[in-house]
file target.txt (compact mmCIF, C-alpha atoms)
# COMPACT_ATOMS: atom_id res chain seq x y z
CA MET P 1 71.45 167.80 83.51
CA GLN P 2 73.74 165.27 84.93
CA GLU P 3 77.32 165.22 84.12
CA GLU P 4 78.45 162.13 82.44
CA GLN P 5 80.35 159.99 84.85
CA THR P 6 82.41 157.07 83.86
CA VAL P 7 82.82 154.24 86.22
CA SER P 8 86.02 152.41 85.81
CA PHE P 9 86.58 148.89 86.97
CA GLU P 10 90.04 147.73 87.72
CA ALA P 11 90.33 144.04 88.27
CA VAL P 12 92.66 143.15 91.05
CA GLY P 13 95.33 141.02 89.50
CA PHE P 14 97.01 138.56 91.75
CA GLU P 15 100.31 137.33 90.60
CA VAL P 16 100.38 133.61 90.17
CA HIS P 17 103.75 132.30 91.18
CA VAL P 18 104.12 128.59 91.68
CA PRO P 19 107.09 127.78 93.92
CA TRP P 20 109.61 125.20 92.78
CA PHE P 21 108.74 122.79 95.59
CA VAL P 22 105.10 122.69 94.47
CA ASN P 23 106.19 121.74 90.95
CA LEU P 24 108.47 119.08 92.42
CA PHE P 25 105.60 117.76 94.54
CA LEU P 26 103.33 117.57 91.49
CA LEU P 27 106.03 115.62 89.67
CA TYR P 28 106.23 113.29 92.67
CA LEU P 29 102.44 112.80 92.56
CA LEU P 30 102.65 111.83 88.90
CA TYR P 31 105.42 109.33 89.70
CA VAL P 32 103.43 107.86 92.59
CA LEU P 33 100.31 107.53 90.45
CA LEU P 34 102.18 105.65 87.73
CA ARG P 35 104.04 103.51 90.27
CA THR P 36 100.85 102.55 92.11
CA ILE P 37 99.15 101.57 88.87
CA ALA P 38 102.19 99.52 87.83
CA GLN P 39 102.40 97.76 91.22
CA ALA P 40 98.69 96.90 91.12
CA VAL P 41 98.93 95.56 87.56
CA TRP P 42 102.00 93.44 88.41
CA LEU P 43 100.28 92.05 91.48
CA VAL P 44 97.14 91.10 89.55
CA TRP P 45 99.31 89.64 86.78
CA ASP P 46 101.22 87.45 89.27
CA LEU P 47 98.00 86.22 90.83
CA ARG P 48 96.59 85.43 87.42
CA LYS P 49 99.73 83.46 86.50
CA THR P 50 99.38 81.55 89.76
CA ALA P 51 95.74 80.70 89.03
CA ARG P 52 96.72 79.39 85.61
CA ALA P 53 99.54 77.32 87.10
CA GLN P 54 97.13 75.93 89.70
CA LYS P 55 94.74 74.83 86.95
CA ARG P 56 97.56 72.97 85.23
CA GLU P 57 98.62 71.59 88.62
CA ALA P 58 102.14 72.94 88.14
CA PHE P 59 101.95 75.06 91.26
CA ILE P 60 104.55 74.20 93.88
CA GLU P 61 104.16 75.09 97.57
CA SER P 62 107.54 76.86 97.68
CA ASP P 63 106.38 79.03 94.78
CA ALA P 64 103.29 79.91 96.79
CA GLU P 65 105.25 81.33 99.72
CA THR P 66 107.41 83.34 97.36
CA LEU P 67 104.30 84.65 95.64
CA TRP P 68 102.61 85.69 98.90
CA GLU P 69 105.77 87.43 100.09
CA THR P 70 106.02 89.29 96.78
CA CYS P 71 102.37 90.31 97.04
CA ARG P 72 102.84 91.51 100.61
CA ALA P 73 105.90 93.52 99.58
CA ARG P 74 104.05 95.21 96.72
CA ILE P 75 101.06 96.06 98.90
CA ARG P 76 103.31 97.30 101.70
CA SER P 77 105.12 99.48 99.17
CA ILE P 78 101.86 101.10 98.06
CA ARG P 79 100.84 101.66 101.67
CA ASN P 80 104.22 103.16 102.59
CA PHE P 81 104.03 105.51 99.63
CA SER P 82 100.59 106.63 100.82
CA HIS P 83 102.08 107.57 104.19
CA LEU P 84 104.98 109.35 102.51
CA THR P 85 102.58 111.24 100.22
CA PHE P 86 100.59 112.42 103.24
CA LEU P 87 103.70 113.64 105.02
CA LEU P 88 104.99 115.40 101.91
CA ALA P 89 101.61 117.08 101.43
CA LEU P 90 101.88 118.44 104.98
CA LEU P 91 105.42 119.62 104.28
CA VAL P 92 104.35 121.41 101.09
CA LEU P 93 101.42 123.01 102.92
CA SER P 94 103.61 124.30 105.73
CA TRP P 95 106.22 125.56 103.28
CA ASN P 96 103.53 127.27 101.19
CA ALA P 97 101.92 128.81 104.28
CA THR P 98 105.31 130.10 105.39
CA ASP P 99 105.79 131.78 102.02
CA VAL P 100 102.28 133.27 102.13
CA LEU P 101 102.69 134.61 105.66
CA ALA P 102 106.14 136.00 104.86
CA GLY P 103 104.69 137.79 101.84
CA ILE P 104 101.84 139.20 103.89
CA SER P 105 104.18 140.43 106.61
CA THR P 106 106.32 142.31 104.10
CA ALA P 107 103.38 143.83 102.20
CA LYS P 108 102.72 147.49 102.86
CA ALA P 109 98.99 147.00 103.00
CA ALA P 110 97.78 143.44 103.25
CA SER P 111 94.30 143.12 101.88
CA LEU P 112 91.95 140.38 102.92
CA PRO P 113 91.13 139.24 99.35
CA SER P 114 94.77 138.86 98.40
CA MET P 115 95.55 136.98 101.59
CA ALA P 116 92.57 134.64 101.09
CA GLU P 117 93.54 134.03 97.46
CA ARG P 118 97.13 133.18 98.34
CA LEU P 119 96.06 130.84 101.14
CA ALA P 120 93.59 129.14 98.78
CA GLN P 121 96.40 128.61 96.26
CA ALA P 122 98.52 127.12 99.04
CA LEU P 123 95.79 124.59 99.85
CA VAL P 124 95.55 123.21 96.30
CA PRO P 125 98.73 121.03 96.38
CA PHE P 126 97.87 119.90 99.92
CA THR P 127 94.41 118.79 98.80
CA MET P 128 95.87 116.97 95.82
CA GLY P 129 98.32 115.21 98.12
CA ILE P 130 95.54 114.13 100.49
CA VAL P 131 93.46 112.82 97.58
CA PHE P 132 96.42 110.84 96.21
CA SER P 133 97.33 109.52 99.67
CA SER P 134 93.77 108.38 100.32
CA GLY P 135 93.58 106.76 96.92
CA GLN P 136 96.81 104.87 97.47
CA PHE P 137 95.71 103.69 100.89
CA CYS P 138 92.35 102.49 99.54
CA CYS P 139 94.16 100.74 96.68
CA ALA P 140 96.43 98.96 99.17
CA MET P 141 93.44 97.84 101.27
CA LEU P 142 91.58 96.63 98.18
CA LEU P 143 94.60 94.69 96.93
CA GLU P 144 95.15 93.21 100.38
CA SER P 145 91.60 91.86 100.52
CA PHE P 146 91.93 90.59 96.95
CA VAL P 147 95.16 88.73 97.80
CA ARG P 148 93.64 87.27 100.98
CA ARG P 149 90.65 85.94 99.07
CA ARG P 150 92.90 84.53 96.36
CA LYS P 151 95.12 82.86 98.95
CA GLN P 152 92.13 81.27 100.67
CA LEU P 153 90.71 80.11 97.34
CA LEU P 154 94.00 78.51 96.29
CA ALA P 155 94.37 76.89 99.69
CA ARG P 156 90.87 75.39 99.45
CA LYS P 157 91.52 74.09 95.95
CA SER P 158 94.73 72.42 97.03
CA GLY P 159 93.02 70.82 100.03
CA GLN P 160 94.82 72.84 102.72
CA THR P 161 93.00 74.24 105.69
CA ILE P 162 93.60 77.78 106.77
CA THR P 163 93.40 78.30 110.49
CA VAL P 164 93.27 81.71 112.00
CA ASP P 165 95.29 82.08 115.16
CA PRO P 166 94.02 85.06 117.21
CA LYS P 167 97.55 85.68 118.51
CA ALA P 168 99.08 85.57 115.04
CA LYS P 169 100.17 88.75 113.34
CA SER P 170 98.12 90.24 110.58
CA PHE P 171 98.65 89.89 106.87
CA TRP P 172 101.46 92.44 107.09
CA GLY P 173 103.51 90.04 109.14
call {"tool": "encode", "arguments": {"input": "target.txt", "output": "structure tokens"}}
result
Amino acid sequence: MQEEQTVSFEAVGFEVHVPWFVNLFLLYLLYVLLRTIAQAVWLVWDLRKTARAQKREAFIESDAETLWETCRARIRSIRNFSHLTFLLALLVLSWNATDVLAGISTAKAASLPSMAERLAQALVPFTMGIVFSSGQFCCAMLLESFVRRRKQLLARKSGQTITVDPKAKSFWG
């Protein structure tokens, strides 16, 4: 007869340690998300107020230039934050990779599964940063096209003609 053999299974437990800079980056992403939503809502609100003022014919040309400059500033702010988010995501990735590689170099026996798991954990905040950065950039482009259309519509209603000079700078000035 066969001897009874017991097979034991020991799950490899990887310690999950989230560095402080990753937590700070996640807090930054939350701030950027709320700020982008607030900027977009304020921009749409201003354009809506302008449309209402135009209907009542209380819209002054000097107010229009102030409005367009405010809209440009808000859109530029969203776009600049998208660039900053991308750069911070790269910084967090490099810092995380440095920690992972330093841990692997000091380990007595570096195993492939533990190294792959730690590198995968390092990619999570980077991926989140790229997603947020792309979302912000798309939001800025969408708001820019919305403001351009609104500006052209208001100009047509007031009887102005909009000419496009090929040598003129873009919407961003």
call {"tool": "residues_around", "arguments": {"input": "target.txt", "residues": "stretch 45-52 of chain P", "least_positions_apart": "4", "cutoff": "10 Å", "atoms": "all atoms listed in the file", "output": "count of residues only"}}
result
20
call {"tool": "closest_residue", "arguments": {"input": "target.txt", "among": "P:Leu43, P:Gly129, P:Ala140, P:Ser94", "to": "P:Leu30", "atoms": "all atoms listed in the file"}}
result
P:Gly129
call {"tool": "atom_distance", "arguments": {"input": "target.txt", "atom1": "atom CA of P:Pro19", "atom2": "atom CA of P:Ala102"}}
result
13.7 Å
call {"tool": "closest_residue", "arguments": {"input": "target.txt", "among": "P:Met115, P:Tyr31, P:Leu24, P:Glu65", "to": "P:Ala155", "atoms": "only C-alpha atoms"}}
result
P:Glu65
call {"tool": "atom_distance", "arguments": {"input": "target.txt", "atom1": "atom CA of P:Arg72", "atom2": "atom CA of P:Glu144"}}
result
7.9 Å
call {"tool": "atom_distance", "arguments": {"input": "target.txt", "atom1": "atom CA of P:Cys139", "atom2": "atom CA of P:Leu91"}}
result
23.3 Å
call {"tool": "closest_residue", "arguments": {"input": "target.txt", "among": "P:Leu93, P:Val32, P:Leu27, P:Ile37", "to": "P:Pro125", "atoms": "only C-alpha atoms"}}
result
P:Leu93
call {"tool": "closest_residue", "arguments": {"input": "target.txt", "among": "P:Val22, P:Ala73, P:Leu88, P:Ile130", "to": "P:Trp42", "atoms": "all atoms listed in the file"}}
result
P:Ala73
call {"tool": "residues_around", "arguments": {"input": "target.txt", "residues": "P:Val131", "least_positions_apart": "5", "cutoff": "12 Å", "atoms": "only C-alpha atoms", "output": "ChimeraX atom specification"}}
result
/P:29,33,82,85-86,89,124-126,136-138
call {"tool": "axis_aligned_box", "arguments": {"input": "target.txt", "around": "stretch 88-101 of chain P", "padding_each_side": "8 Å", "output": "lines of an AutoDock Vina configuration file"}}
result
center_x = 103.8
center_y = 125.0
center_z = 103.4
size_x = 20.8
size_y = 35.2
size_z = 20.6
